[in-house]
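Colleague: Structure file input.txt (compact mmCIF, C-alpha atoms) right here:
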# COMPACT_ATOMS: atom_id res chain seq x y z
CA MET A 13 -87.75 77.34 -244.35
CA VAL A 14 -87.22 77.05 -248.12
CA THR A 15 -87.04 80.35 -249.95
CA ARG A 16 -89.68 80.96 -252.61
CA PRO A 17 -90.31 83.83 -255.05
CA GLN A 18 -92.08 86.80 -253.47
CA ALA A 19 -94.86 88.39 -255.50
CA SER A 20 -94.45 91.56 -253.45
CA PHE A 21 -90.90 91.89 -254.78
CA TRP A 22 -91.83 91.43 -258.43
CA ARG A 23 -95.01 93.49 -258.53
CA GLY A 24 -94.41 96.47 -260.84
CA ARG A 25 -90.77 95.54 -261.55
CA ARG A 26 -89.51 96.05 -265.09
CA VAL A 27 -88.02 92.73 -266.17
CA VAL A 28 -86.46 91.60 -269.44
CA VAL A 29 -86.63 87.89 -270.24
CA THR A 30 -84.66 86.74 -273.25
CA GLY A 31 -85.82 83.45 -274.74
CA HIS A 32 -89.45 83.97 -273.67
CA THR A 33 -90.76 81.99 -276.66
CA GLY A 34 -89.00 78.83 -275.48
CA PHE A 35 -90.02 76.18 -272.98
CA LYS A 36 -88.39 77.55 -269.82
CA GLY A 37 -88.76 81.16 -270.91
CA GLY A 38 -92.48 80.73 -271.50
CA TRP A 39 -93.09 79.29 -268.04
CA LEU A 40 -90.90 81.99 -266.45
CA SER A 41 -92.63 84.85 -268.26
CA LEU A 42 -96.08 83.57 -267.33
CA TRP A 43 -95.06 83.23 -263.67
CA LEU A 44 -93.59 86.74 -263.59
CA ALA A 45 -96.71 88.21 -265.18
CA ARG A 46 -98.88 86.43 -262.60
CA MET A 47 -96.83 88.13 -259.86
CA GLY A 48 -97.40 91.54 -261.44
CA ALA A 49 -94.05 92.16 -263.12
CA GLU A 50 -93.84 94.30 -266.24
CA VAL A 51 -92.21 91.77 -268.56
CA THR A 52 -90.50 92.51 -271.85
CA GLY A 53 -89.67 89.37 -273.81
CA ILE A 54 -86.96 89.18 -276.49
CA ALA A 55 -86.49 86.02 -278.56
CA LEU A 56 -86.74 84.37 -281.93
CA PRO A 57 -90.25 83.31 -282.94
CA PRO A 58 -91.31 79.94 -281.48
CA GLU A 59 -89.45 77.07 -283.13
CA THR A 60 -92.02 74.36 -282.56
CA THR A 61 -95.64 73.76 -283.45
CA PRO A 62 -97.33 73.55 -281.03
CA SER A 63 -95.53 76.00 -278.74
CA LEU A 64 -96.08 76.98 -275.14
CA PHE A 65 -95.79 80.64 -276.16
CA ASP A 66 -98.87 80.38 -278.36
CA LEU A 67 -100.93 77.98 -276.25
CA VAL A 68 -100.69 80.03 -273.04
CA ARG A 69 -101.38 83.24 -275.03
CA LEU A 70 -98.22 84.83 -273.67
CA PRO A 71 -98.50 88.03 -275.76
CA ASP A 72 -101.50 88.89 -273.56
CA ASP A 73 -99.12 89.23 -270.59
CA VAL A 74 -95.74 90.21 -272.06
CA LYS A 75 -94.41 92.94 -274.33
CA SER A 76 -93.07 90.52 -276.90
CA HIS A 77 -90.32 91.30 -279.41
CA PHE A 78 -88.84 88.92 -281.97
CA ALA A 79 -85.08 89.39 -282.36
CA ASP A 80 -81.93 87.29 -282.60
CA VAL A 81 -79.41 87.57 -279.75
CA ARG A 82 -76.67 87.43 -282.37
CA ASP A 83 -77.84 90.86 -283.58
CA ALA A 84 -76.01 93.18 -281.17
CA ALA A 85 -77.70 96.39 -282.32
CA ALA A 86 -81.22 94.96 -282.14
CA ILE A 87 -80.66 93.47 -278.69
CA ALA A 88 -79.14 96.68 -277.33
CA GLY A 89 -82.00 98.76 -278.67
CA LEU A 90 -84.72 96.54 -277.22
CA ILE A 91 -83.09 96.17 -273.80
CA ARG A 92 -82.38 99.86 -273.48
CA ALA A 93 -85.94 100.75 -274.52
CA ALA A 94 -87.33 98.40 -271.86
CA ARG A 95 -85.27 100.10 -269.08
CA PRO A 96 -85.15 96.89 -267.00
CA GLU A 97 -84.35 96.63 -263.33
CA ILE A 98 -83.68 92.90 -263.73
CA VAL A 99 -82.58 90.84 -266.74
CA LEU A 100 -83.07 87.08 -266.96
CA HIS A 101 -81.12 85.77 -269.95
CA LEU A 102 -82.38 82.40 -271.22
CA ALA A 103 -82.10 82.83 -275.01
CA ALA A 104 -79.80 80.14 -276.40
CA GLN A 105 -79.32 77.25 -278.77
CA PRO A 106 -80.09 74.65 -276.08
CA LEU A 107 -79.69 71.25 -277.76
CA VAL A 108 -76.57 69.07 -277.57
CA ARG A 109 -77.20 67.05 -280.72
CA ARG A 110 -78.07 70.12 -282.77
CA SER A 111 -74.81 71.69 -281.64
CA TYR A 112 -72.94 68.93 -283.46
CA ARG A 113 -74.83 69.78 -286.66
CA GLN A 114 -74.70 73.55 -286.22
CA PRO A 115 -71.64 74.47 -284.12
CA LEU A 116 -71.28 78.02 -285.45
CA GLU A 117 -74.91 78.85 -284.73
CA THR A 118 -74.47 77.38 -281.26
CA PHE A 119 -71.35 79.40 -280.45
CA GLY A 120 -72.84 82.53 -281.99
CA SER A 121 -76.03 82.34 -279.95
CA ASN A 122 -74.61 81.09 -276.68
CA VAL A 123 -71.33 83.00 -276.50
CA MET A 124 -71.75 86.19 -278.51
CA GLY A 125 -75.46 86.32 -277.71
CA THR A 126 -74.60 86.41 -274.02
CA ALA A 127 -71.98 89.09 -274.65
CA HIS A 128 -74.54 91.18 -276.55
CA VAL A 129 -77.04 91.03 -273.68
CA LEU A 130 -74.40 91.95 -271.10
CA ASP A 131 -72.97 94.72 -273.26
CA ALA A 132 -76.43 96.27 -273.55
CA LEU A 133 -76.36 96.76 -269.76
CA ARG A 134 -73.20 98.85 -269.77
CA ASP A 135 -73.98 102.39 -268.63
CA LEU A 136 -77.71 101.61 -268.62
CA PRO A 137 -79.34 103.42 -265.68
CA GLY A 138 -81.61 101.54 -263.32
CA VAL A 139 -80.34 98.01 -263.85
CA LYS A 140 -79.86 96.21 -260.55
CA ALA A 141 -79.30 92.55 -261.40
CA ALA A 142 -78.82 90.08 -264.23
CA VAL A 143 -79.11 86.29 -264.05
CA ILE A 144 -77.45 84.49 -266.96
CA ILE A 145 -78.74 80.96 -267.46
CA THR A 146 -76.13 78.42 -268.52
CA THR A 147 -76.31 74.67 -267.78
CA ASP A 148 -75.05 71.83 -265.62
CA LYS A 149 -72.96 70.80 -268.65
CA VAL A 150 -70.46 73.67 -268.22
CA TYR A 151 -68.14 71.46 -266.17
CA ARG A 152 -65.19 69.52 -267.54
CA ASN A 153 -66.94 66.21 -267.09
CA VAL A 154 -64.63 63.36 -266.08
CA GLU A 155 -67.56 61.02 -265.29
CA THR A 156 -66.86 61.13 -261.57
CA ILE A 157 -69.35 59.85 -259.02
CA PHE A 158 -68.88 63.08 -257.08
CA PRO A 159 -71.23 65.98 -257.89
CA TYR A 160 -69.72 69.11 -259.40
CA ARG A 161 -69.29 72.26 -257.31
CA GLU A 162 -69.32 75.82 -258.60
CA ASP A 163 -65.54 76.15 -258.34
CA ASP A 164 -64.78 72.99 -260.35
CA ALA A 165 -63.09 73.35 -263.74
CA LEU A 166 -65.18 74.39 -266.73
CA GLY A 167 -65.03 72.53 -270.02
CA GLY A 168 -67.17 70.92 -272.69
CA HIS A 169 -66.70 68.13 -275.22
CA ASP A 170 -69.63 69.00 -277.47
CA PRO A 171 -70.19 72.51 -278.92
CA TYR A 172 -73.24 73.12 -276.71
CA SER A 173 -71.39 72.40 -273.47
CA ALA A 174 -68.30 74.29 -274.59
CA SER A 175 -70.37 77.30 -275.65
CA LYS A 176 -72.07 77.46 -272.28
CA ALA A 177 -68.75 77.16 -270.45
CA ALA A 178 -67.49 80.03 -272.59
CA ALA A 179 -70.63 82.02 -271.69
CA GLU A 180 -69.65 81.60 -268.04
CA LEU A 181 -66.26 83.20 -268.77
CA VAL A 182 -67.84 86.01 -270.78
CA THR A 183 -70.24 86.71 -267.92
CA ALA A 184 -67.47 86.76 -265.33
CA SER A 185 -65.48 89.16 -267.49
CA TYR A 186 -68.35 91.60 -267.93
CA ARG A 187 -69.14 91.40 -264.21
CA ASP A 188 -65.57 92.08 -263.16
CA ALA A 189 -64.58 94.56 -265.86
CA PHE A 190 -67.74 96.65 -266.12
CA LEU A 191 -70.96 95.78 -264.33
CA SER A 192 -69.93 95.38 -260.69
CA ALA A 193 -68.53 98.90 -260.61
CA GLN A 194 -71.75 100.09 -262.20
CA GLY A 195 -73.77 98.56 -259.35
CA VAL A 196 -75.22 95.66 -261.38
CA ALA A 197 -75.09 92.30 -259.59
CA VAL A 198 -74.51 89.50 -262.11
CA ALA A 199 -74.85 85.77 -261.49
CA THR A 200 -74.87 82.62 -263.57
CA ALA A 201 -77.29 79.76 -262.95
CA ARG A 202 -76.34 76.16 -263.79
CA ALA A 203 -79.40 73.93 -263.74
CA GLY A 204 -79.82 70.23 -264.33
CA ASN A 205 -82.03 68.44 -266.86
CA VAL A 206 -85.46 70.05 -266.87
CA ILE A 207 -88.80 68.37 -267.52
CA GLY A 208 -92.33 69.76 -267.55
CA GLY A 209 -95.33 70.29 -269.75
CA GLY A 210 -95.04 72.46 -272.84
CA ASP A 211 -91.69 71.29 -274.20
CA TRP A 212 -91.83 70.06 -277.80
CA SER A 213 -88.12 70.36 -278.59
CA GLU A 214 -86.32 67.76 -280.68
CA ASP A 215 -84.05 65.17 -279.08
CA ARG A 216 -85.37 65.62 -275.56
CA LEU A 217 -86.54 62.62 -273.60
CA ILE A 218 -90.04 63.57 -272.45
CA PRO A 219 -91.09 65.41 -275.66
CA ASP A 220 -89.85 62.44 -277.71
CA ALA A 221 -91.81 60.08 -275.46
CA VAL A 222 -95.03 62.09 -275.71
CA ARG A 223 -94.73 62.29 -279.50
CA ALA A 224 -94.10 58.57 -279.82
CA TRP A 225 -96.68 57.35 -277.35
CA GLY A 226 -99.30 59.85 -278.47
CA GLU A 227 -98.96 58.45 -282.01
CA GLY A 228 -98.79 54.82 -280.92
CA ARG A 229 -95.09 54.47 -281.82
CA THR A 230 -92.31 52.82 -279.83
CA LEU A 231 -89.85 55.19 -278.16
CA ASP A 232 -86.22 54.39 -279.01
CA ILE A 233 -83.79 55.24 -276.20
CA ARG A 234 -80.16 55.72 -277.30
CA ARG A 235 -78.51 56.13 -273.86
CA PRO A 236 -80.70 54.37 -271.28
CA ASP A 237 -78.10 54.25 -268.52
CA ALA A 238 -77.02 57.91 -268.66
CA VAL A 239 -77.49 59.55 -265.25
CA ARG A 240 -78.81 63.10 -265.04
CA PRO A 241 -80.03 65.52 -262.30
CA TRP A 242 -83.68 65.67 -263.45
CA GLN A 243 -86.00 68.35 -262.07
CA HIS A 244 -89.39 69.86 -262.86
CA VAL A 245 -89.14 73.14 -264.75
CA LEU A 246 -90.58 75.15 -261.86
CA GLU A 247 -87.64 74.15 -259.64
CA PRO A 248 -84.91 76.05 -261.52
CA LEU A 249 -87.28 78.89 -262.44
CA SER A 250 -88.08 79.41 -258.78
CA ALA A 251 -84.35 79.37 -258.07
CA TYR A 252 -83.64 81.98 -260.78
CA LEU A 253 -86.28 84.27 -259.32
CA CYS A 254 -85.03 83.85 -255.77
CA LEU A 255 -81.47 84.46 -256.93
CA ALA A 256 -82.49 87.68 -258.66
CA GLU A 257 -84.30 88.87 -255.54
CA ARG A 258 -81.26 88.21 -253.37
CA LEU A 259 -78.91 89.91 -255.83
CA VAL A 260 -80.95 93.08 -255.64
CA GLN A 261 -80.96 92.91 -251.85
CA ASN A 262 -77.27 91.94 -251.55
CA PRO A 263 -75.08 92.47 -254.66
CA ALA A 264 -72.19 90.71 -252.91
CA LEU A 265 -73.93 87.42 -253.70
CA ALA A 266 -73.00 87.74 -257.39
CA GLY A 267 -71.32 84.63 -258.78
CA ALA A 268 -72.14 81.13 -260.04
CA TYR A 269 -74.82 78.84 -258.60
CA ASN A 270 -75.84 75.22 -259.20
CA PHE A 271 -79.55 74.39 -259.07
CA GLY A 272 -80.76 70.83 -259.16
CA PRO A 273 -82.34 67.98 -257.23
CA ARG A 274 -80.84 66.33 -254.18
CA THR A 275 -77.83 64.23 -255.14
CA ASP A 276 -79.67 60.99 -254.34
CA GLU A 277 -82.46 62.02 -256.74
CA ALA A 278 -80.25 61.75 -259.84
CA ALA A 279 -81.67 59.00 -262.05
CA THR A 280 -81.00 57.13 -265.25
CA VAL A 281 -82.84 57.78 -268.49
CA ARG A 282 -84.32 54.28 -268.18
CA GLU A 283 -85.78 55.06 -264.75
CA VAL A 284 -87.37 58.28 -265.98
CA VAL A 285 -88.88 56.54 -269.01
CA GLU A 286 -90.41 53.82 -266.85
CA LEU A 287 -91.88 56.41 -264.47
CA ALA A 288 -93.24 58.45 -267.38
CA ARG A 289 -94.80 55.42 -269.05
CA LYS A 290 -96.53 54.37 -265.85
CA VAL A 291 -98.11 57.82 -265.38
CA PHE A 292 -98.97 58.26 -269.05
CA GLY A 293 -100.77 54.94 -269.01
CA ARG A 294 -99.50 53.59 -272.30
CA GLY A 295 -96.48 53.40 -274.58
CA GLU A 296 -93.60 51.11 -275.42
CA ALA A 297 -89.85 51.75 -275.36
CA THR A 298 -86.75 50.01 -276.63
CA PHE A 299 -83.41 50.55 -274.91
CA ALA A 300 -80.14 50.45 -276.85
CA GLU A 301 -77.58 48.00 -275.48
CA THR A 302 -74.73 50.39 -276.28
CA PRO A 303 -74.87 54.23 -276.40
CA GLN A 304 -76.02 55.58 -279.75
CA GLY A 305 -75.16 58.86 -281.50
CA PRO A 306 -72.40 61.43 -280.82
CA HIS A 307 -70.68 61.74 -277.47
CA GLU A 308 -72.80 62.85 -274.51
CA ALA A 309 -71.94 62.66 -270.82
CA GLY A 310 -72.84 59.37 -269.18
CA LEU A 311 -72.79 60.59 -265.59
CA LEU A 312 -73.53 64.07 -264.34
CA ALA A 313 -74.58 65.35 -260.92
CA LEU A 314 -74.56 68.74 -259.21
CA GLU A 315 -73.70 69.78 -255.67
CA ILE A 316 -76.35 72.31 -254.59
CA ALA A 317 -75.06 73.15 -251.11
CA LYS A 318 -74.14 76.73 -252.06
CA ALA A 319 -77.67 77.53 -253.25
CA ARG A 320 -79.18 75.96 -250.15
CA GLU A 321 -76.87 77.65 -247.65
CA THR A 322 -76.48 81.05 -249.35
CA LEU A 323 -79.92 81.58 -250.89
CA GLY A 324 -82.13 79.20 -248.92
CA VAL A 325 -83.08 77.49 -252.21
CA ALA A 326 -83.76 73.76 -252.06
CA PRO A 327 -85.82 71.28 -254.11
CA ARG A 328 -89.53 70.89 -253.34
CA TRP A 329 -90.76 68.27 -255.80
CA ASN A 330 -88.94 64.94 -255.96
CA LEU A 331 -88.43 62.96 -259.17
CA VAL A 332 -91.70 61.04 -258.90
CA GLU A 333 -93.68 64.24 -258.34
CA GLY A 334 -91.91 66.01 -261.20
CA VAL A 335 -92.47 63.21 -263.70
CA THR A 336 -96.07 62.71 -262.55
CA ARG A 337 -96.95 66.37 -263.01
CA THR A 338 -95.17 66.48 -266.36
CA MET A 339 -96.99 63.49 -267.83
CA ASN A 340 -100.34 64.56 -266.39
CA TRP A 341 -99.81 67.95 -268.07
CA TYR A 342 -99.25 66.28 -271.44
CA ARG A 343 -102.23 63.96 -270.98
CA GLY A 344 -104.36 67.01 -270.23
CA TRP A 345 -103.11 68.75 -273.35
CA LEU A 346 -103.81 65.70 -275.52
CA GLU A 347 -107.32 65.54 -274.06
CA GLY A 348 -107.99 69.17 -274.97
CA ALA A 349 -107.52 70.91 -271.64
CA ASP A 350 -106.72 74.65 -271.57
CA VAL A 351 -102.92 74.86 -271.53
CA ARG A 352 -102.83 78.14 -269.66
CA GLY A 353 -104.96 76.56 -266.96
CA LEU A 354 -102.63 73.57 -266.75
CA CYS A 355 -99.63 75.86 -266.25
CA VAL A 356 -101.35 78.10 -263.71
CA ALA A 357 -102.43 75.06 -261.72
CA ASP A 358 -98.87 73.73 -261.59
CA ILE A 359 -97.49 77.13 -260.57
CA ALA A 360 -100.09 77.46 -257.81
CA ALA A 361 -99.30 73.95 -256.55
CA PHE A 362 -95.59 74.66 -256.56
CA GLU A 363 -96.03 77.96 -254.70
CA GLY A 364 -97.95 76.09 -252.02
CA ALA A 365 -95.47 73.21 -251.74
CA SER A 366 -93.53 72.90 -248.50
Any chance you could put this one into structure tokens?
Modeller:
Amino acid sequence: MVTRPQASFWRGRRVVVTGHTGFKGGWLSLWLARMGAEVTGIALPPETTPSLFDLVRLPDDVKSHFADVRDAAAIAGLIRAARPEIVLHLAAQPLVRRSYRQPLETFGSNVMGTAHVLDALRDLPGVKAAVIITTDKVYRNVETIFPYREDDALGGHDPYSASKAAAELVTASYRDAFLSAQGVAVATARAGNVIGGGDWSEDRLIPDAVRAWGEGRTLDIRRPDAVRPWQHVLEPLSAYLCLAERLVQNPALAGAYNFGPRTDEAATVREVVELARKVFGRGEATFAETPQGPHEAGLLALEIAKARETLGVAPRWNLVEGVTRTMNWYRGWLEGADVRGLCVADIAAFEGAS
């Protein structure tokens, strides 16, 4: 039996979500609100137009505050005022290529921003658990065919990956030095490449494809043979929620967790593009013969045995299902469908999946 989030657990819970104006944070906040949680969101204003935050009318469901995680005083004040039982920290600079252009912003948001959130929990009554979202890219990637386990070495060639590996160390320090003794269970969540409707970020495969194909342009692929652990956005979000539930029930489960698809579901960029084009029904793509742009990992896979055996968390939607639902979501949006309805329908389908 695969574990799934329990509405009965979340109903009436005070929850802080940082990064609620972003792609994953928007989906997560909407899902929590549907389950009856009292959600306080803290983030910068939406970066993209359109944005999921605006299209799903998230301020109707969430107490929304605009603040920068690099501002320690602002973050502490907002978190303490919210009096959360659970904190889900997603706010970050999440883009690899941008991290090459803006390394100081990336380290400031991802390292010190994480420290600011954790520091706000020190001596704060009522906090039971915190889940800090990092990435599958925290590992020192040696391009091995073997998937990475939670106890493998951390590292990071690009500033994004390095900043997230550093956030793992910051989190472990705050857990060991302060929060465990305070009774706060702290875990980090390392998820693979996420797809789903409502992402309009720059330099991401599916958003770039939708922009190009929606405008009748050819999609240029710079690293067609890169292998990634792709998953629909609801997969890691479900895992984060289940992890938080288990941390409250058993604080001894604090630690690091990988969340991703089955190892045999890892796929190349080329394969995902071809699947997406088939579902979308139109669009052309060109594939570079040699990798283009700054260094990015060519091969990356995660071992998810710990999450499956410890938390009962396992994938529900395979790659084909994830890509199909993602591209159908974008087609619906382009055809004028209600975005909130598209999201709610996907959440309901996922909750009912076996």
Colleague: Using all atoms listed in the file, pick whichever of A:Asp164, A:Asp170, A:Asp80, A:Glu50 has the shortest atom-to-atom distance to A:Arg113.
Modeller: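 With all atoms listed in the file as the atom set, the closest residue is A:Asp170.
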Colleague: Using only C-alpha atoms, find the one residue out of A:Val143, A:Ala221, A:Leu312, A:Ala317 that sits nearest to A:Val285.
Modeller: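 Once distances to A:Val285 are computed over only C-alpha atoms, the minimum belongs to A:Ala221.
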Colleague: Counting all atoms listed in the file, figure out which residue out of A:Met124, A:Leu166, A:Leu217, A:Ala357 gets nearest to A:Gly344.
Modeller: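 The shortest atom-to-atom distance to A:Gly344 comes from A:Ala357.
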Colleague: Check which residues of stretch 108-171 of chain A sit at most 12 Å from stretch 253-270 of chain A using only C-alpha atoms, and return one row each with the closest pair of atoms and their distance in Å to one decimal, ordered by chain and rising number, as JSON lines.
Modeller:
{"residue": "A:Gly138", "atom": "CA", "partner": "A:Val260", "partner_atom": "CA", "distance": 11.4}
{"residue": "A:Val139", "atom": "CA", "partner": "A:Val260", "partner_atom": "CA", "distance": 9.6}
{"residue": "A:Lys140", "atom": "CA", "partner": "A:Val260", "partner_atom": "CA", "distance": 5.9}
{"residue": "A:Ala141", "atom": "CA", "partner": "A:Val260", "partner_atom": "CA", "distance": 6.0}
{"residue": "A:Ala142", "atom": "CA", "partner": "A:Ala256", "partner_atom": "CA", "distance": 7.1}
{"residue": "A:Val143", "atom": "CA", "partner": "A:Ala256", "partner_atom": "CA", "distance": 6.5}
{"residue": "A:Ile144", "atom": "CA", "partner": "A:Ala268", "partner_atom": "CA", "distance": 9.3}
{"residue": "A:Ile145", "atom": "CA", "partner": "A:Tyr269", "partner_atom": "CA", "distance": 9.9}
{"residue": "A:Thr146", "atom": "CA", "partner": "A:Ala268", "partner_atom": "CA", "distance": 9.8}
{"residue": "A:Thr147", "atom": "CA", "partner": "A:Asn270", "partner_atom": "CA", "distance": 8.6}
{"residue": "A:Asp148", "atom": "CA", "partner": "A:Asn270", "partner_atom": "CA", "distance": 7.3}
{"residue": "A:Lys149", "atom": "CA", "partner": "A:Asn270", "partner_atom": "CA", "distance": 10.8}
{"residue": "A:Val150", "atom": "CA", "partner": "A:Asn270", "partner_atom": "CA", "distance": 10.6}
{"residue": "A:Tyr151", "atom": "CA", "partner": "A:Asn270", "partner_atom": "CA", "distance": 11.0}
{"residue": "A:Pro159", "atom": "CA", "partner": "A:Asn270", "partner_atom": "CA", "distance": 10.4}
{"residue": "A:Tyr160", "atom": "CA", "partner": "A:Asn270", "partner_atom": "CA", "distance": 8.7}
{"residue": "A:Arg161", "atom": "CA", "partner": "A:Asn270", "partner_atom": "CA", "distance": 7.4}
{"residue": "A:Glu162", "atom": "CA", "partner": "A:Ala268", "partner_atom": "CA", "distance": 6.2}
{"residue": "A:Asp163", "atom": "CA", "partner": "A:Ala268", "partner_atom": "CA", "distance": 8.4}
{"residue": "A:Asp164", "atom": "CA", "partner": "A:Ala268", "partner_atom": "CA", "distance": 11.0}
{"residue": "A:Leu166", "atom": "CA", "partner": "A:Ala268", "partner_atom": "CA", "distance": 11.8}
Colleague: Save the residues we just selected, C-alpha atoms, as a PDB file, in the coordinates of the input?
Modeller:
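Result file follows (part.pdb):
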ATOM      1  CA  GLY A 138     -81.610 101.540-263.320  1.00  0.00           C
ATOM      2  CA  VAL A 139     -80.340  98.010-263.850  1.00  0.00           C
ATOM      3  CA  LYS A 140     -79.860  96.210-260.550  1.00  0.00           C
ATOM      4  CA  ALA A 141     -79.300  92.550-261.400  1.00  0.00           C
ATOM      5  CA  ALA A 142     -78.820  90.080-264.230  1.00  0.00           C
ATOM      6  CA  VAL A 143     -79.110  86.290-264.050  1.00  0.00           C
ATOM      7  CA  ILE A 144     -77.450  84.490-266.960  1.00  0.00           C
ATOM      8  CA  ILE A 145     -78.740  80.960-267.460  1.00  0.00           C
ATOM      9  CA  THR A 146     -76.130  78.420-268.520  1.00  0.00           C
ATOM     10  CA  THR A 147     -76.310  74.670-267.780  1.00  0.00           C
ATOM     11  CA  ASP A 148     -75.050  71.830-265.620  1.00  0.00           C
ATOM     12  CA  LYS A 149     -72.960  70.800-268.650  1.00  0.00           C
ATOM     13  CA  VAL A 150     -70.460  73.670-268.220  1.00  0.00           C
ATOM     14  CA  TYR A 151     -68.140  71.460-266.170  1.00  0.00           C
ATOM     15  CA  PRO A 159     -71.230  65.980-257.890  1.00  0.00           C
ATOM     16  CA  TYR A 160     -69.720  69.110-259.400  1.00  0.00           C
ATOM     17  CA  ARG A 161     -69.290  72.260-257.310  1.00  0.00           C
ATOM     18  CA  GLU A 162     -69.320  75.820-258.600  1.00  0.00           C
ATOM     19  CA  ASP A 163     -65.540  76.150-258.340  1.00  0.00           C
ATOM     20  CA  ASP A 164     -64.780  72.990-260.350  1.00  0.00           C
ATOM     21  CA  LEU A 166     -65.180  74.390-266.730  1.00  0.00           C
TER      22      LEU A 166
END
Colleague: Name the residues in contact with A:Val291 at a cut-off of 9 Å, using only C-alpha atoms, excluding same-chain residues fewer than 4 positions from it; report them as a list in words.
Modeller: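 The filter keeps Glu286, Leu287, Val335, Thr336, Arg337, Met339 and Asn340 of chain A.
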Colleague: At what distance in Å, to one decimal, does atom CA of A:Met47 lie from atom CA of A:Gln18?
Modeller: 8.1 Å
Colleague: A:Ile91, A:Thr298, A:Ser175, A:Ala86: which is nearest A:Leu116, counting all atoms listed in the file?
Modeller: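 Comparing A:Ile91, A:Thr298, A:Ser175, A:Ala86 against A:Leu116, the winner is A:Ser175.
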Colleague: Within 6 Å of stretch 230-236 of chain A, counting all atoms listed in the file, which residues show up once you throw out same-chain ones fewer than 2 positions away? Write them as a PDB file with C-alpha atoms, in the coordinates of the input, please.
Modeller:
ATOM      1  CA  ALA A 221     -91.810  60.080-275.460  1.00  0.00           C
ATOM      2  CA  ALA A 224     -94.100  58.570-279.820  1.00  0.00           C
ATOM      3  CA  ALA A 238     -77.020  57.910-268.660  1.00  0.00           C
ATOM      4  CA  VAL A 281     -82.840  57.780-268.490  1.00  0.00           C
ATOM      5  CA  ARG A 282     -84.320  54.280-268.180  1.00  0.00           C
ATOM      6  CA  GLU A 296     -93.600  51.110-275.420  1.00  0.00           C
ATOM      7  CA  ALA A 297     -89.850  51.750-275.360  1.00  0.00           C
ATOM      8  CA  THR A 298     -86.750  50.010-276.630  1.00  0.00           C
ATOM      9  CA  PHE A 299     -83.410  50.550-274.910  1.00  0.00           C
ATOM     10  CA  ALA A 300     -80.140  50.450-276.850  1.00  0.00           C
ATOM     11  CA  PRO A 303     -74.870  54.230-276.400  1.00  0.00           C
ATOM     12  CA  GLN A 304     -76.020  55.580-279.750  1.00  0.00           C
TER      13      GLN A 304
END
Colleague: Find, counting only C-alpha atoms, the residue in A:Gly34, A:Gly226, A:Pro273, A:Pro71 that gets nearest to A:Pro58.
Modeller: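 Comparing A:Gly34, A:Gly226, A:Pro273, A:Pro71 against A:Pro58, the winner is A:Gly34.
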Colleague: Separation of atom CA of A:Phe35 and atom CA of A:Val198, in Å?
Modeller: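 Computed distance, atom CA of A:Phe35 to atom CA of A:Val198, equals 23.2 Å.
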Colleague: Measuring between all atoms listed in the file, which one of A:Thr183, A:Ser76, A:Thr33, A:Asn330 shows the shortest distance to A:Thr200?
Modeller: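 Checking each candidate against A:Thr200, we get A:Thr183 as the closest.
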Colleague: Using only C-alpha atoms, which residues sit within 12 Å of A:Asp72 once same-chain residues fewer than 6 positions away are excluded, as a tab-separated table (two decimals) with C-alpha atoms, keeping the file's coordinate frame?
Modeller:
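Output (result-v5.tsv):
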chain	number	residue	atom	x	y	z
A	41	SER	CA	-92.63	84.85	-268.26
A	42	LEU	CA	-96.08	83.57	-267.33
A	45	ALA	CA	-96.71	88.21	-265.18
A	46	ARG	CA	-98.88	86.43	-262.60
A	50	GLU	CA	-93.84	94.30	-266.24
A	51	VAL	CA	-92.21	91.77	-268.56
A	52	THR	CA	-90.50	92.51	-271.85
A	53	GLY	CA	-89.67	89.37	-273.81
A	65	PHE	CA	-95.79	80.64	-276.16
A	66	ASP	CA	-98.87	80.38	-278.36
A	352	ARG	CA	-102.83	78.14	-269.66
Colleague: Quick one: residues within 12 Å of (-78.3, 60.9, -259.0) (file frame), counting all atoms listed in the file, please, as a short mmCIF file (atom, residue, chain, number, x, y, z; two decimals) with C-alpha atoms, keeping the file's coordinate frame.
Modeller:
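Final output, saved to point33.cif:
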data_model
loop_
_atom_site.label_atom_id
_atom_site.label_comp_id
_atom_site.auth_asym_id
_atom_site.auth_seq_id
_atom_site.Cartn_x
_atom_site.Cartn_y
_atom_site.Cartn_z
CA THR A 156 -66.86 61.13 -261.57
CA ILE A 157 -69.35 59.85 -259.02
CA PHE A 158 -68.88 63.08 -257.08
CA PRO A 159 -71.23 65.98 -257.89
CA TYR A 160 -69.72 69.11 -259.40
CA GLY A 204 -79.82 70.23 -264.33
CA ASN A 205 -82.03 68.44 -266.86
CA ASP A 237 -78.10 54.25 -268.52
CA ALA A 238 -77.02 57.91 -268.66
CA VAL A 239 -77.49 59.55 -265.25
CA ARG A 240 -78.81 63.10 -265.04
CA PRO A 241 -80.03 65.52 -262.30
CA TRP A 242 -83.68 65.67 -263.45
CA GLN A 243 -86.00 68.35 -262.07
CA GLY A 272 -80.76 70.83 -259.16
CA PRO A 273 -82.34 67.98 -257.23
CA ARG A 274 -80.84 66.33 -254.18
CA THR A 275 -77.83 64.23 -255.14
CA ASP A 276 -79.67 60.99 -254.34
CA GLU A 277 -82.46 62.02 -256.74
CA ALA A 278 -80.25 61.75 -259.84
CA ALA A 279 -81.67 59.00 -262.05
CA THR A 280 -81.00 57.13 -265.25
CA VAL A 281 -82.84 57.78 -268.49
CA GLU A 283 -85.78 55.06 -264.75
CA VAL A 284 -87.37 58.28 -265.98
CA GLY A 310 -72.84 59.37 -269.18
CA LEU A 311 -72.79 60.59 -265.59
CA LEU A 312 -73.53 64.07 -264.34
CA ALA A 313 -74.58 65.35 -260.92
CA LEU A 314 -74.56 68.74 -259.21
CA GLU A 315 -73.70 69.78 -255.67
CA ASN A 330 -88.94 64.94 -255.96
CA LEU A 331 -88.43 62.96 -259.17
#
